[in-house]
Amino acid sequence: MTLNILFAANETRWAQYEPHLRHWLAEAGIEAQLAPDLGPPSEIDYIVYAPSSDVQDFRPYRRLKAVLNLWAGVEDVVGNPTLQVPLARMVDNGLTEGMVEWVVGHVLRYHLDIDHALANQSGKWLPKVPPLARNRPVTVLGLGALGSACAQALAALNFPVTGWSRSAKSVAGVSCLSGPEGLEQALARAQILVLLLPLTPGTENLLNAPHLDQVPEGCCILNPGRGPLIDDTALLEALDSGHVGHATLDVFRTEPLPAEHPYWSHPRVTVTPHIASETRAETASKVIVDNIERGEQGLPFLHVVDRQRGY
Ligand SMILES: NC(=O)c1ccc[n+]([C@@H]2O[C@H](COP(=O)([O-])OP(=O)(O)OC[C@H]3O[C@@H](n4cnc5c(N)ncnc54)[C@H](OP(=O)(O)O)[C@@H]3O)[C@@H](O)[C@H]2O)c1
């Protein structure tokens with residue numbers, strides 16, 4: 001049987017993904033029609049999906065077996081009441097590697113105070129020796145596919161790493177905490193704090209004024225998770241007072257971040273334009289095709305989103 005696979009994402013993504021998806025479909029021996037404009041909806045078997053696509057009402061897709069999200073974050077689709085089939089989020093080695101590189105790079109920037117070196121090239125000999133990583137506690141909020149990989153990479157560099165998640169976890173080399181008391185301890189230890197939580201009603205504004213008060217003086221914050229995890233007003237106040245030493249923010253409530261937003265000009269903020277980690281077409285296409293293959297074999301889909309939890 002020939003499957004109908006709708007690619008519901010923009011043209012740029014189609015150009016990136018088409019060759020890889022076709023390659024992996026052929027490798028898997030799956031006969032499929034794959035296109036961004038396939039119809040009618042009632043004959044579509046799978047949708048490879050970007051939540052920003054035109055497909056917002058899934059009801060006409062009566063034969064649909066699964067929606068395969070291109071991104072790890074699903075906050076823009078998880079609450080769609082017309083979606084009644086499994087929704088798989090993206091878990092991809094390329095995505096994970098990219099996030100590990102971004103997080104480790106920015107943690108090392110803070111740890112080594114690379115900014116100090118860059119700002120002191122004026123001929124003055126001003127030695128400033130950083131502590132060893134073993135003396136720089138780092139906390140990672142969120143111990144999922146991305147958070148646990150980042151936590152382990154940091155632990156491998158000798159940082160004492162604390163991780164925090166909703167349910168109790170065990171990650172080699174990482175001190176794992178969960179629940180509200182766990183959060184208090186995790187924040188209190190964080191000389192560097194990394195946010196890798198999904199955006200759900202339970203995580204929105206998690207980093208608010210009371211929680212910011214709990215981090216040590218001078219704590220540096222990295223947010224490659226989602227913008228609304230942070231109460232922006234509270235963070236700006238904590239930055240202004242110096243309680244938070246610096247923040248590197250990759251994600252925002254409004255993207256692109258408006259040109260007049262105070263983050264752009266704040267001396268203690270570095271903005272990166274949602275580039276911490278990109279889903280990589282080459283590796284992600286294999287994940288998508290593996291899931292289609294599983295669906296056709298009657299196996300459970302991988303990385304299925306729990307619609308109740310919201311991630
Ligand atoms: N900036 C970028 O370029 C970029 C790229 C990719 C992804 N992201 C973001 O990164 C996020 C994380 O991705 P992922 O693949 O690691 O997600 P994931 O595998 O679903 O992991 C989510 C983690 O967050 C924890 N969590 C969820 N709700 C919580 C709560 N209320 N309290 C405490 N912990 C909670 C989960 O706890 P349990 O382990 O107990 O379930 C889990 O450890 C994505 O949702 C996306 O927003 C950003």
# chains A, B, ... in the order shown; residues from 1 in each chain; ligands from 1
>>> residues_near_ligand(ligand="ligand 1", cutoff="7 Å", atoms="only C-alpha atoms and all ligand atoms", output="MDAnalysis selection string")
chainID A and resid 71:74 91 95 99 141:147 164:169 178:179 196:200 202:203 224:226 250:251 274:278 311
>>> write_last_selection(atoms="C-alpha atoms", output="PDB file, in the first residue's frame")
ATOM      1  CA  TRP A  71      10.311  20.414  16.850  1.00  0.00           C
ATOM      2  CA  ALA A  72      10.956  19.212  20.409  1.00  0.00           C
ATOM      3  CA  GLY A  73       8.587  21.838  21.833  1.00  0.00           C
ATOM      4  CA  VAL A  74       4.889  21.096  21.298  1.00  0.00           C
ATOM      5  CA  VAL A  91      13.909  13.713  19.770  1.00  0.00           C
ATOM      6  CA  LEU A  95      19.138  18.411  18.032  1.00  0.00           C
ATOM      7  CA  MET A  99      21.909  21.869  22.474  1.00  0.00           C
ATOM      8  CA  LEU A 141      16.024  22.555  35.265  1.00  0.00           C
ATOM      9  CA  GLY A 142      14.497  19.820  33.107  1.00  0.00           C
ATOM     10  CA  LEU A 143      16.087  16.397  32.767  1.00  0.00           C
ATOM     11  CA  GLY A 144      14.517  15.231  29.539  1.00  0.00           C
ATOM     12  CA  ALA A 145      16.206  14.361  26.268  1.00  0.00           C
ATOM     13  CA  LEU A 146      18.044  17.699  26.158  1.00  0.00           C
ATOM     14  CA  GLY A 147      18.476  18.571  29.837  1.00  0.00           C
ATOM     15  CA  TRP A 164      15.589  18.966  38.522  1.00  0.00           C
ATOM     16  CA  SER A 165      12.553  17.326  36.966  1.00  0.00           C
ATOM     17  CA  ARG A 166       8.871  16.727  37.659  1.00  0.00           C
ATOM     18  CA  SER A 167       9.264  13.041  38.512  1.00  0.00           C
ATOM     19  CA  ALA A 168      12.249  11.562  40.363  1.00  0.00           C
ATOM     20  CA  LYS A 169      15.075  10.660  37.986  1.00  0.00           C
ATOM     21  CA  SER A 178      12.352  16.724  41.928  1.00  0.00           C
ATOM     22  CA  GLY A 179       9.293  18.399  43.345  1.00  0.00           C
ATOM     23  CA  LEU A 196      15.537  23.206  29.662  1.00  0.00           C
ATOM     24  CA  LEU A 197      11.915  22.741  30.607  1.00  0.00           C
ATOM     25  CA  PRO A 198       9.038  22.529  28.137  1.00  0.00           C
ATOM     26  CA  LEU A 199       6.427  25.280  28.210  1.00  0.00           C
ATOM     27  CA  THR A 200       3.309  24.011  29.992  1.00  0.00           C
ATOM     28  CA  GLY A 202       3.039  24.052  35.181  1.00  0.00           C
ATOM     29  CA  THR A 203       6.274  25.675  33.998  1.00  0.00           C
ATOM     30  CA  PRO A 224      17.384  27.809  25.741  1.00  0.00           C
ATOM     31  CA  GLY A 225      14.013  26.314  26.870  1.00  0.00           C
ATOM     32  CA  ARG A 226      11.090  28.657  26.192  1.00  0.00           C
ATOM     33  CA  ASP A 250      17.708  32.240  23.291  1.00  0.00           C
ATOM     34  CA  VAL A 251      13.914  32.141  23.499  1.00  0.00           C
ATOM     35  CA  HIS A 274      16.397  31.030  18.972  1.00  0.00           C
ATOM     36  CA  ILE A 275      19.387  29.198  17.558  1.00  0.00           C
ATOM     37  CA  ALA A 276      20.418  27.160  20.598  1.00  0.00           C
ATOM     38  CA  SER A 277      19.598  24.030  18.701  1.00  0.00           C
ATOM     39  CA  GLU A 278      17.912  23.386  15.404  1.00  0.00           C
ATOM     40  CA  TYR A 311       4.899  17.647  26.873  1.00  0.00           C
TER      41      TYR A 311
END
>>> residues_around(residues="Leu68 in chain A", least_positions_apart="4", cutoff="8 Å", atoms="only C-alpha atoms", output="PyMOL selection string")
chain A and resi 46-49+87-90+288
>>> select_by_dssp(residues="range 75-249 of chain A", states="strand (DSSP E or B)", output="PyMOL selection string")
chain A and resi 87-88+138-141+161-165+175-178+192-195+207+219-223+230+244-249
>>> closest_atom_pairs(of="range 163-201 of chain A", to="range 210-223 of chain A", cutoff="9 Å", atoms="only C-alpha atoms", output="JSON lines")
{"residue": "A:Leu183", "atom": "CA", "partner": "A:His211", "partner_atom": "CA", "distance": 8.7}
{"residue": "A:Glu184", "atom": "CA", "partner": "A:Gln214", "partner_atom": "CA", "distance": 7.0}
{"residue": "A:Gln185", "atom": "CA", "partner": "A:Gln214", "partner_atom": "CA", "distance": 8.7}
{"residue": "A:Ala186", "atom": "CA", "partner": "A:Val215", "partner_atom": "CA", "distance": 8.6}
{"residue": "A:Leu187", "atom": "CA", "partner": "A:Val215", "partner_atom": "CA", "distance": 5.0}
{"residue": "A:Ala188", "atom": "CA", "partner": "A:Val215", "partner_atom": "CA", "distance": 4.9}
{"residue": "A:Arg189", "atom": "CA", "partner": "A:Val215", "partner_atom": "CA", "distance": 7.0}
{"residue": "A:Ala190", "atom": "CA", "partner": "A:Val215", "partner_atom": "CA", "distance": 6.0}
{"residue": "A:Gln191", "atom": "CA", "partner": "A:Cys219", "partner_atom": "CA", "distance": 4.6}
{"residue": "A:Ile192", "atom": "CA", "partner": "A:Cys220", "partner_atom": "CA", "distance": 4.8}
{"residue": "A:Leu193", "atom": "CA", "partner": "A:Ile221", "partner_atom": "CA", "distance": 4.8}
{"residue": "A:Val194", "atom": "CA", "partner": "A:Leu222", "partner_atom": "CA", "distance": 4.8}
{"residue": "A:Leu195", "atom": "CA", "partner": "A:Asn223", "partner_atom": "CA", "distance": 4.9}
{"residue": "A:Leu196", "atom": "CA", "partner": "A:Asn223", "partner_atom": "CA", "distance": 7.1}
>>> select_by_dssp(residues="range 11-151 of chain A", states="helix (DSSP H, G or I)", output="PyMOL selection string")
chain A and resi 11-27+41-43+93-112+114-119+133-135+145-151
>>> atom_distance(atom1="CA of Val304 in chain A", atom2="CA of Val174 in chain A")
25.7 Å
>>> atom_distance(atom1="CA of Thr233 in chain A", atom2="CA of Pro256 in chain A")
18.3 Å
>>> closest_residue(among="A:Asp45, A:Glu237, A:Glu27, A:Glu75", to="Arg307 in chain A", atoms="only C-alpha atoms")
A:Glu75
>>> residues_around(residues="Ala32 in chain A", least_positions_apart="2", cutoff="12 Å", atoms="only C-alpha atoms", output="number ranges by chain")
A: 1-7, 21-26, 28-30, 34-35, 38, 44-46, 289, 292-293, 296
>>> closest_residue(among="A:Val244, A:Val269, A:Ile230, A:Leu112", to="Pro131 in chain A", atoms="only C-alpha atoms")
A:Leu112
>>> closest_residue(among="A:Ala284, A:Asp290, A:Val78, A:Val103", to="Thr139 in chain A", atoms="only C-alpha atoms")
A:Val103
